[in-house]
file structure-v3.txt (compact mmCIF, C-alpha atoms)
# COMPACT_ATOMS: atom_id res chain seq x y z
CA MET A 30 178.88 61.64 110.95
CA GLY A 31 178.01 64.35 113.46
CA ARG A 32 180.97 66.48 112.34
CA ARG A 33 179.94 66.06 108.70
CA ALA A 34 176.42 67.19 109.50
CA LEU A 35 177.78 70.27 111.29
CA ASP A 36 179.99 71.10 108.30
CA VAL A 37 177.06 70.77 105.91
CA ALA A 38 174.89 72.97 108.16
CA PHE A 39 177.65 75.60 108.35
CA VAL A 40 178.12 75.64 104.57
CA TRP A 41 174.37 75.84 104.02
CA LYS A 42 174.06 78.76 106.42
CA ALA A 43 176.98 80.54 104.75
CA VAL A 44 175.46 80.04 101.29
CA LEU A 45 172.06 81.22 102.52
CA THR A 46 173.57 84.33 104.12
CA LEU A 47 175.53 85.12 100.97
CA GLY A 48 172.42 84.69 98.86
CA LEU A 49 170.38 87.01 101.09
CA VAL A 50 173.15 89.63 101.05
CA LEU A 51 173.28 89.50 97.26
CA LEU A 52 169.49 89.81 97.09
CA TYR A 53 169.67 92.86 99.36
CA TYR A 54 172.44 94.34 97.19
CA CYS A 55 170.41 93.83 94.03
CA PHE A 56 167.41 95.74 95.38
CA SER A 57 169.32 98.40 97.31
CA ILE A 58 171.89 99.26 94.64
CA GLY A 59 169.37 98.61 91.89
CA ILE A 60 166.82 101.14 93.13
CA THR A 61 169.53 103.81 93.55
CA PHE A 62 170.72 103.51 89.96
CA TYR A 63 167.18 102.97 88.66
CA ASN A 64 165.88 106.17 90.26
CA LYS A 65 168.89 108.11 88.94
CA TRP A 66 168.30 106.72 85.45
CA LEU A 67 164.57 107.44 85.56
CA THR A 68 164.95 111.04 86.74
CA LYS A 69 167.12 111.80 83.70
CA SER A 70 164.06 111.48 81.45
CA PHE A 71 161.21 111.89 83.96
CA HIS A 72 161.75 115.12 85.90
CA PHE A 73 159.05 114.60 88.52
CA PRO A 74 160.75 112.79 91.43
CA LEU A 75 158.05 113.67 93.97
CA PHE A 76 155.32 112.19 91.77
CA MET A 77 157.56 109.17 91.26
CA THR A 78 157.93 108.78 95.02
CA MET A 79 154.18 109.08 95.59
CA LEU A 80 153.52 106.37 93.03
CA HIS A 81 156.11 104.17 94.77
CA LEU A 82 154.26 104.70 98.05
CA ALA A 83 151.01 103.66 96.41
CA VAL A 84 152.62 100.48 95.06
CA ILE A 85 154.12 99.65 98.47
CA PHE A 86 150.71 100.17 100.10
CA LEU A 87 149.11 97.89 97.50
CA PHE A 88 151.62 95.11 98.11
CA SER A 89 151.46 95.49 101.90
CA ALA A 90 147.64 95.30 101.82
CA LEU A 91 147.87 92.21 99.65
CA SER A 92 150.44 90.68 102.00
CA ARG A 93 148.21 91.40 105.01
CA ALA A 94 145.32 89.65 103.30
CA LEU A 95 147.45 86.60 102.48
CA VAL A 96 148.87 86.39 106.01
CA GLN A 97 145.38 86.76 107.50
CA CYS A 98 144.05 83.97 105.30
CA SER A 99 146.92 81.65 106.21
CA SER A 100 146.94 82.40 109.94
CA HIS A 101 143.16 82.95 110.35
CA ARG A 102 143.89 85.89 112.64
CA ALA A 103 142.72 89.45 112.08
CA ARG A 104 145.41 92.03 111.41
CA VAL A 105 145.75 95.07 113.65
CA VAL A 106 143.94 98.27 112.67
CA LEU A 107 144.81 101.39 114.70
CA SER A 108 142.23 103.82 115.95
CA TRP A 109 142.20 107.28 114.36
CA THR A 110 143.53 108.79 117.58
CA ASP A 111 146.58 106.52 117.73
CA TYR A 112 147.01 106.74 113.98
CA LEU A 113 147.21 110.52 113.83
CA ARG A 114 149.00 111.17 117.12
CA ARG A 115 151.59 108.40 117.12
CA VAL A 116 152.10 107.29 113.53
CA ALA A 117 151.74 110.59 111.68
CA PRO A 118 155.05 112.17 112.85
CA THR A 119 157.03 109.10 111.75
CA ALA A 120 155.16 108.95 108.44
CA LEU A 121 155.78 112.63 107.69
CA ALA A 122 159.50 112.36 108.47
CA THR A 123 159.78 109.21 106.34
CA ALA A 124 157.97 110.84 103.42
CA LEU A 125 160.26 113.87 103.47
CA ASP A 126 163.37 111.70 103.79
CA VAL A 127 162.46 109.56 100.77
CA GLY A 128 161.03 112.44 98.73
CA LEU A 129 164.02 114.75 99.16
CA SER A 130 166.42 111.87 98.48
CA ASN A 131 164.77 111.11 95.14
CA TRP A 132 164.51 114.83 94.35
CA SER A 133 168.27 115.23 94.74
CA PHE A 134 168.86 112.82 91.83
CA LEU A 135 167.91 115.65 89.48
CA TYR A 136 171.07 117.53 90.45
CA ILE A 137 173.78 115.28 91.88
CA THR A 138 175.70 112.16 90.98
CA VAL A 139 175.11 108.75 92.51
CA SER A 140 178.50 108.91 94.24
CA LEU A 141 177.77 112.23 95.98
CA TYR A 142 174.30 110.99 96.89
CA THR A 143 175.69 107.77 98.38
CA MET A 144 178.33 109.56 100.41
CA THR A 145 176.03 112.28 101.73
CA LYS A 146 173.25 109.82 102.51
CA SER A 147 175.71 107.85 104.63
CA SER A 148 175.85 110.87 106.94
CA ALA A 149 172.35 109.94 108.13
CA VAL A 150 174.10 107.82 110.77
CA LEU A 151 175.54 111.07 112.13
CA PHE A 152 172.10 112.61 112.57
CA ILE A 153 170.66 109.38 113.99
CA LEU A 154 173.32 109.48 116.71
CA ILE A 155 172.67 113.17 117.41
CA PHE A 156 168.91 112.72 117.76
CA SER A 157 169.40 109.53 119.77
CA LEU A 158 171.39 111.63 122.25
CA VAL A 159 168.72 114.37 122.23
CA PHE A 160 165.93 111.89 122.92
CA LYS A 161 168.14 110.01 125.44
CA LEU A 162 168.13 106.79 123.43
CA GLU A 163 171.94 106.81 123.59
CA GLU A 164 174.36 107.81 126.32
CA LEU A 165 177.06 110.36 125.48
CA ARG A 166 180.42 108.58 125.31
CA ALA A 167 183.85 109.50 123.99
CA ALA A 168 183.54 106.78 121.35
CA LEU A 169 180.34 108.35 119.98
CA VAL A 170 182.06 111.74 119.74
CA LEU A 171 184.84 110.07 117.72
CA VAL A 172 182.25 108.45 115.45
CA VAL A 173 180.59 111.82 114.84
CA LEU A 174 183.93 113.50 114.05
CA LEU A 175 184.98 110.74 111.65
CA ILE A 176 181.72 110.84 109.70
CA ALA A 177 181.56 114.65 109.60
CA GLY A 178 185.22 114.91 108.57
CA GLY A 179 184.77 112.29 105.89
CA LEU A 180 181.74 114.10 104.47
CA PHE A 181 183.71 117.36 104.29
CA MET A 182 186.66 115.69 102.52
CA PHE A 183 184.39 113.95 100.01
CA THR A 184 182.61 117.16 99.00
CA TYR A 185 185.69 119.43 99.13
CA LYS A 186 186.61 120.63 95.62
CA SER A 187 184.42 117.96 94.04
CA THR A 188 184.30 118.58 90.29
CA GLN A 189 180.67 117.37 90.09
CA PHE A 190 179.42 119.14 93.21
CA ASN A 191 175.97 120.76 93.04
CA ILE A 192 174.90 122.85 96.01
CA GLU A 193 171.16 122.46 95.36
CA GLY A 194 171.30 118.67 95.14
CA PHE A 195 173.71 118.46 98.07
CA ALA A 196 171.35 120.57 100.20
CA LEU A 197 168.42 118.30 99.30
CA VAL A 198 170.17 115.04 100.17
CA LEU A 199 171.76 116.53 103.30
CA GLY A 200 168.31 117.72 104.37
CA ALA A 201 167.03 114.20 103.70
CA SER A 202 169.81 112.79 105.90
CA PHE A 203 168.94 115.26 108.67
CA ILE A 204 165.26 114.33 108.48
CA GLY A 205 166.33 110.70 108.28
CA GLY A 206 167.91 111.10 111.72
CA ILE A 207 164.56 112.33 113.05
CA ARG A 208 162.77 109.61 111.11
CA TRP A 209 164.66 106.66 112.57
CA THR A 210 164.62 108.13 116.07
CA LEU A 211 160.84 108.49 115.87
CA THR A 212 160.65 105.01 114.37
CA GLN A 213 162.55 103.53 117.30
CA MET A 214 160.26 105.31 119.75
CA LEU A 215 157.21 104.11 117.79
CA LEU A 216 158.36 100.50 117.75
CA GLN A 217 158.89 100.52 121.49
CA LYS A 218 155.15 101.20 121.99
CA ALA A 219 154.13 97.55 122.09
CA GLU A 220 150.53 98.44 122.92
CA LEU A 221 150.02 99.66 119.35
CA GLY A 222 150.37 96.08 118.09
CA LEU A 223 152.57 96.99 115.12
CA GLN A 224 154.95 94.10 115.65
CA ASN A 225 154.78 93.00 112.02
CA PRO A 226 156.43 95.13 109.31
CA ILE A 227 153.54 94.46 106.95
CA ASP A 228 151.16 96.17 109.36
CA THR A 229 153.53 99.09 109.79
CA MET A 230 153.83 99.65 106.05
CA PHE A 231 150.09 99.40 105.65
CA HIS A 232 149.57 102.18 108.20
CA LEU A 233 152.48 104.40 107.15
CA GLN A 234 152.03 104.65 103.40
CA PRO A 235 148.73 106.62 103.27
CA LEU A 236 150.05 109.28 105.67
CA MET A 237 153.34 109.40 103.78
CA PHE A 238 151.42 109.97 100.55
CA LEU A 239 149.35 112.77 102.08
CA GLY A 240 152.42 114.31 103.72
CA LEU A 241 154.28 114.48 100.42
CA PHE A 242 151.32 115.71 98.37
CA PRO A 243 151.56 119.44 99.30
CA LEU A 244 155.23 119.49 98.30
CA PHE A 245 154.35 117.78 95.03
CA ALA A 246 151.45 120.17 94.35
CA VAL A 247 153.65 123.25 94.81
CA PHE A 248 156.75 122.16 92.90
CA GLU A 249 155.50 119.64 90.33
CA GLY A 250 151.71 119.82 90.10
CA LEU A 251 151.40 122.44 87.36
CA HIS A 252 154.29 121.12 85.29
CA LEU A 253 153.05 117.54 85.50
CA SER A 254 149.51 118.55 84.52
CA THR A 255 150.85 120.04 81.29
CA SER A 256 153.34 117.26 80.59
CA GLU A 257 152.75 115.12 77.52
CA LYS A 258 154.23 112.16 79.38
CA ILE A 259 151.25 111.82 81.74
CA PHE A 260 148.10 113.95 81.60
CA ARG A 261 148.46 115.46 78.12
CA PHE A 262 149.80 112.34 76.50
CA GLN A 263 149.41 111.85 72.79
CA ASP A 264 151.22 108.55 72.52
CA THR A 265 149.55 105.75 74.50
CA GLY A 266 152.62 103.58 74.18
CA LEU A 267 154.79 106.29 75.77
CA LEU A 268 152.30 106.69 78.64
CA LEU A 269 152.29 102.96 79.33
CA ARG A 270 156.10 102.84 79.27
CA VAL A 271 156.33 105.73 81.74
CA LEU A 272 153.76 104.22 84.10
CA GLY A 273 155.42 100.82 83.79
CA SER A 274 158.79 102.31 84.67
CA LEU A 275 157.32 104.06 87.72
CA PHE A 276 155.54 100.89 88.82
CA LEU A 277 158.76 98.91 88.51
CA GLY A 278 160.45 101.41 90.83
CA GLY A 279 157.71 100.76 93.40
CA ILE A 280 158.32 97.02 93.15
CA LEU A 281 162.04 97.60 93.73
CA ALA A 282 161.24 99.75 96.79
CA PHE A 283 159.02 97.02 98.22
CA GLY A 284 161.63 94.38 97.39
CA LEU A 285 164.31 96.40 99.18
CA GLY A 286 162.37 96.36 102.42
CA PHE A 287 161.50 92.68 102.01
CA SER A 288 165.14 91.71 101.36
CA GLU A 289 166.25 93.73 104.40
CA PHE A 290 163.82 91.87 106.60
CA LEU A 291 164.78 88.48 105.21
CA LEU A 292 168.47 89.22 105.82
CA VAL A 293 167.94 90.33 109.41
CA SER A 294 165.40 87.61 110.27
CA ARG A 295 167.69 84.85 109.00
CA THR A 296 170.94 86.29 110.35
CA SER A 297 171.11 89.43 112.52
CA SER A 298 170.97 93.20 112.26
CA LEU A 299 174.78 93.21 112.60
CA THR A 300 174.97 91.33 109.29
CA LEU A 301 172.80 94.00 107.68
CA SER A 302 175.01 96.74 109.12
CA ILE A 303 178.20 95.17 107.77
CA ALA A 304 176.55 94.41 104.42
CA GLY A 305 175.42 98.04 104.26
CA ILE A 306 179.02 99.27 104.63
CA PHE A 307 180.28 97.14 101.76
CA LYS A 308 177.21 98.11 99.73
CA GLU A 309 178.34 101.75 99.83
CA VAL A 310 181.73 100.74 98.41
CA CYS A 311 180.07 98.71 95.64
CA THR A 312 177.76 101.62 94.80
CA LEU A 313 180.66 104.08 94.46
CA LEU A 314 182.69 101.68 92.32
CA LEU A 315 179.72 101.06 90.03
CA ALA A 316 178.97 104.79 89.82
CA ALA A 317 182.56 105.51 88.77
CA HIS A 318 182.62 102.65 86.26
CA LEU A 319 179.11 102.78 84.76
CA LEU A 320 178.15 106.46 85.07
CA GLY A 321 181.59 108.04 84.85
CA ASP A 322 181.33 109.80 88.24
CA GLN A 323 184.58 111.63 88.92
CA ILE A 324 186.00 110.72 92.34
CA SER A 325 189.37 112.17 93.34
CA LEU A 326 191.86 110.65 95.78
CA LEU A 327 190.78 113.17 98.43
CA ASN A 328 187.15 112.14 97.88
CA TRP A 329 188.05 108.48 98.31
CA LEU A 330 189.95 109.28 101.52
CA GLY A 331 186.93 111.18 102.81
CA PHE A 332 184.69 108.23 101.98
CA ALA A 333 187.09 105.85 103.77
CA LEU A 334 187.08 108.15 106.82
CA CYS A 335 183.28 108.22 106.88
CA LEU A 336 183.06 104.43 106.56
CA SER A 337 185.58 104.03 109.37
CA GLY A 338 183.26 106.07 111.61
CA ILE A 339 180.27 103.92 110.65
CA SER A 340 182.31 100.73 111.11
CA LEU A 341 183.47 101.89 114.54
CA HIS A 342 179.90 102.46 115.63
CA VAL A 343 178.82 99.03 114.32
CA ALA A 344 181.77 97.40 116.14
CA LEU A 345 180.89 99.17 119.40
CA LYS A 346 177.31 97.97 119.11
CA ALA A 347 178.47 94.44 118.39
CA LEU A 348 180.70 94.41 121.48
CA HIS A 349 177.90 95.84 123.59
CA SER A 350 175.46 93.23 122.28
CA ARG A 351 177.96 90.42 122.97
CA GLY A 352 178.30 91.69 126.52
CA ASP A 353 174.53 91.39 126.88
CA GLY A 354 174.50 87.85 125.57
CA GLY A 355 174.82 88.40 121.85
CA PRO A 356 172.39 89.42 119.19
CA LYS A 357 169.33 87.29 118.60
CA PRO A 358 167.95 86.55 115.14
CA LEU A 359 164.56 88.04 114.54
CA LYS A 360 161.59 85.86 113.85
CA GLY A 361 158.58 86.72 111.80
CA LEU A 362 157.38 87.50 108.31
CA GLY A 363 157.06 90.81 106.65
CA SER A 364 158.75 93.60 104.82
CA SER A 365 159.84 97.14 105.48
CA PRO A 366 159.23 100.20 103.36
CA ASP A 367 162.40 101.81 101.62
CA LEU A 368 162.31 102.26 102.69
CA GLU A 369 162.28 100.01 105.30
CA LEU A 370 160.84 99.26 108.69
CA LEU A 371 161.84 96.18 110.62
CA LEU A 372 159.82 95.68 113.78
CA ARG A 373 160.58 93.70 116.87
CA SER A 374 157.97 91.24 118.02
CA SER A 375 159.02 90.17 121.54
CA GLN A 376 161.50 90.71 124.36
CA GLN A 377 161.86 94.39 123.47
CA ASP A 378 164.23 95.21 126.31
CA GLU A 379 166.58 92.35 125.37
CA GLU A 380 166.67 93.42 121.73
CA ASP A 381 167.22 97.18 122.13
CA ASN A 382 170.89 96.96 121.15
CA GLU A 383 170.14 94.94 118.02
CA GLU A 384 167.34 97.38 117.18
CA GLU A 385 169.75 100.31 117.31
CA GLU A 386 172.16 98.45 114.99
CA TYR A 387 169.30 98.06 112.53
CA PHE A 388 168.59 101.79 112.60
CA VAL A 389 172.29 102.49 111.91
CA ALA A 390 172.10 100.12 108.92
CA GLN A 391 168.96 101.84 107.70
CA GLY A 392 170.65 105.21 107.91
CA GLN A 393 173.04 104.00 105.21
CA GLN A 394 170.22 103.37 102.72

call {"tool": "encode", "arguments": {"input": "structure-v3.txt", "output": "C-alpha cells"}}
result
Amino acid sequence: MGRRALDVAFVWKAVLTLGLVLLYYCFSIGITFYNKWLTKSFHFPLFMTMLHLAVIFLFSALSRALVQCSSHRARVVLSWTDYLRRVAPTALATALDVGLSNWSFLYITVSLYTMTKSSAVLFILIFSLVFKLEELRAALVLVVLLIAGGLFMFTYKSTQFNIEGFALVLGASFIGGIRWTLTQMLLQKAELGLQNPIDTMFHLQPLMFLGLFPLFAVFEGLHLSTSEKIFRFQDTGLLLRVLGSLFLGGILAFGLGFSEFLLVSRTSSLTLSIAGIFKEVCTLLLAAHLLGDQISLLNWLGFALCLSGISLHVALKALHSRGDGGPKPLKGLGSSPDLELLLRSSQQDEEDNEEEEYFVAQGQQ
C-alpha cells in the first residue's frame, strides 16, 4: 500500500510539473508571437510596452490588496529614498530591456529575435563577473565562447537579417545582463522587505513606465498623436479593438511572470532553466512553420551551439547546487513581471546558487 501511495504521488507530481511547464510555454511563447503579430498592424511598440506595464501594475496592486485582506498583514511600502536609490536602476534597465525587445519586432523575425535574445545569458555572465557575483572559471569561458559562436553562426548570411532590428534586440540583451545583475543585487538586500514578487512588481512598474516615457515621446509621441488608431480615431469599434488587443498583451505579460513563479515554487529554478531551453526550440520550430521564417542549416547549427553553451551552464549550476545539498523549492505566492521577477524569501545564502539559475532562465525570455 505504501509503494502504491508513492507511485501515485510520483505520477501526480509529474503531471503537475508537466502542466505548469505547458502553462509557462503558453504564456512565454504566446506573448512572443502575439507581440510580433500586433506590431505588424500597430507600429508603436513603446506605447504598447507602456500599456503592458500599466496593466501589470494594476494586477499587482489588486493582488497586493487580495493578499493583504487574506493575511491581514500590511504590505511593504518603500521610502522615497530607498525607492529612488535602490529600485530605480533596476527599473530603468528592465524598462529598456523590455522596450527595446518589443521595438525590434518591427524589423526582425521571431526566429532571429529568439536566438539573439538567448545571448542575454552571455551578458549576465559577463556582468556577474564584473560585479563579482561569479568566479572566473575555465568552464564559464567555454560557455561564453559557445554562446557567442552560436550567435555568430545563426546570424551569418541570414536571408532575413535586419541590422536595425538585430542591434535593438542585441542592445536589449546587453541591458538585460545589467538588469538581472542589478536584480540579483537588489534581491539580496533583505532589509528592503521585497521578498514577495507582487511587492516587487508593484514598486518597479511606475519607475519602468517613467523610464520608458522619454524614449516613447521622442520616437513615437508625435506619430501616435496623429494616428487614427488612438487619439484621432474616427471608428470607435476600431479604437476598442486596438485597446483590447493591447490590454490582452498586458494580461499575457502578467501571466508569464505568474506562470514562471508557479513553476519555480512548485519545482525548482533548474526546472525553469531546462524548460526555457526547450522553449527556445519550440519557438523556432513554430516560427518556421507558422510564420515562414527561413532558417538555414548553418543557422540551426549556430542555434544548437548556443543552446549547448546555455545547457552547459545550467548543468554546472545543477552540479554545484547538488554539492551544496541540492536545490530547494521556493515557497510563497506572487508573480514576476515579464517580465519576471522571482524573489527569495528566506535563507538567502543557502539559495544563492538556485537564484543564479533563475537569472540564467530569465535571460532566455

call {"tool": "closest_residue", "arguments": {"input": "structure-v3.txt", "among": "A:Ser57, A:Thr255, A:Thr229, A:Thr145", "to": "Ser133 in chain A", "atoms": "only C-alpha atoms"}}
result
A:Thr145

call {"tool": "atom_distance", "arguments": {"input": "structure-v3.txt", "atom1": "CA of Leu269 in chain A", "atom2": "CA of Leu82 in chain A"}}
result
18.9 Å

call {"tool": "atom_distance", "arguments": {"input": "structure-v3.txt", "atom1": "CA of Leu129 in chain A", "atom2": "CA of Val170 in chain A"}}
result
27.5 Å

call {"tool": "atom_distance", "arguments": {"input": "structure-v3.txt", "atom1": "CA of Cys335 in chain A", "atom2": "CA of Thr210 in chain A"}}
result
20.8 Å

call {"tool": "closest_residue", "arguments": {"input": "structure-v3.txt", "among": "A:Ile280, A:Ala120, A:Leu315, A:Met182", "to": "Thr212 in chain A", "atoms": "only C-alpha atoms"}}
result
A:Ala120

call {"tool": "residues_around", "arguments": {"input": "structure-v3.txt", "residues": "Met79 in chain A", "least_positions_apart": "3", "cutoff": "12 Å", "atoms": "all atoms listed in the file", "output": "VMD selection string"}}
result
chain A and resid 73 to 76 82 to 86 124 to 125 127 to 129 131 to 132 234 to 246 249 275 to 276 278 to 279 282

call {"tool": "residues_around", "arguments": {"input": "structure-v3.txt", "residues": "Phe160 in chain A", "least_positions_apart": "3", "cutoff": "10 Å", "atoms": "all atoms listed in the file", "output": "PyMOL selection string"}}
result
chain A and resi 154-157+163-164+207+210-211+214

call {"tool": "residues_near_point", "arguments": {"input": "structure-v3.txt", "point": "(151.2, 86.0, 108.8)", "cutoff": "7 Å", "atoms": "all atoms listed in the file", "output": "list in words"}}
result
Val96, Gln97, Ser99, Ser100 and Leu362 of chain A

call {"tool": "closest_residue", "arguments": {"input": "structure-v3.txt", "among": "A:Ile137, A:Leu175, A:Leu336, A:Ala90", "to": "Lys308 in chain A", "atoms": "all atoms listed in the file"}}
result
A:Leu336

call {"tool": "closest_residue", "arguments": {"input": "structure-v3.txt", "among": "A:Leu320, A:Ala34, A:Ile339, A:Leu327", "to": "Leu151 in chain A", "atoms": "all atoms listed in the file"}}
result
A:Ile339

call {"tool": "axis_aligned_box", "arguments": {"input": "structure-v3.txt", "around": "range 121-130 of chain A", "padding_each_side": "4 Å", "output": "AutoDock Vina command-line options"}}
result
--center_x 161.1 --center_y 112.0 --center_z 103.5 --size_x 18.6 --size_y 13.5 --size_z 18.0

call {"tool": "residues_around", "arguments": {"input": "structure-v3.txt", "residues": "range 59-67 of chain A", "least_positions_apart": "4", "cutoff": "8 Å", "atoms": "only C-alpha atoms", "output": "ChimeraX atom specification"}}
result
/A:54-55,71,131,134-135,139,274,278,281-282

call {"tool": "closest_residue", "arguments": {"input": "structure-v3.txt", "among": "A:Leu272, A:Val150, A:Val247, A:Leu171", "to": "His81 in chain A", "atoms": "all atoms listed in the file"}}
result
A:Leu272

call {"tool": "closest_residue", "arguments": {"input": "structure-v3.txt", "among": "A:Gly331, A:Gly305, A:Gly178, A:Pro118", "to": "Val343 in chain A", "atoms": "all atoms listed in the file"}}
result
A:Gly305
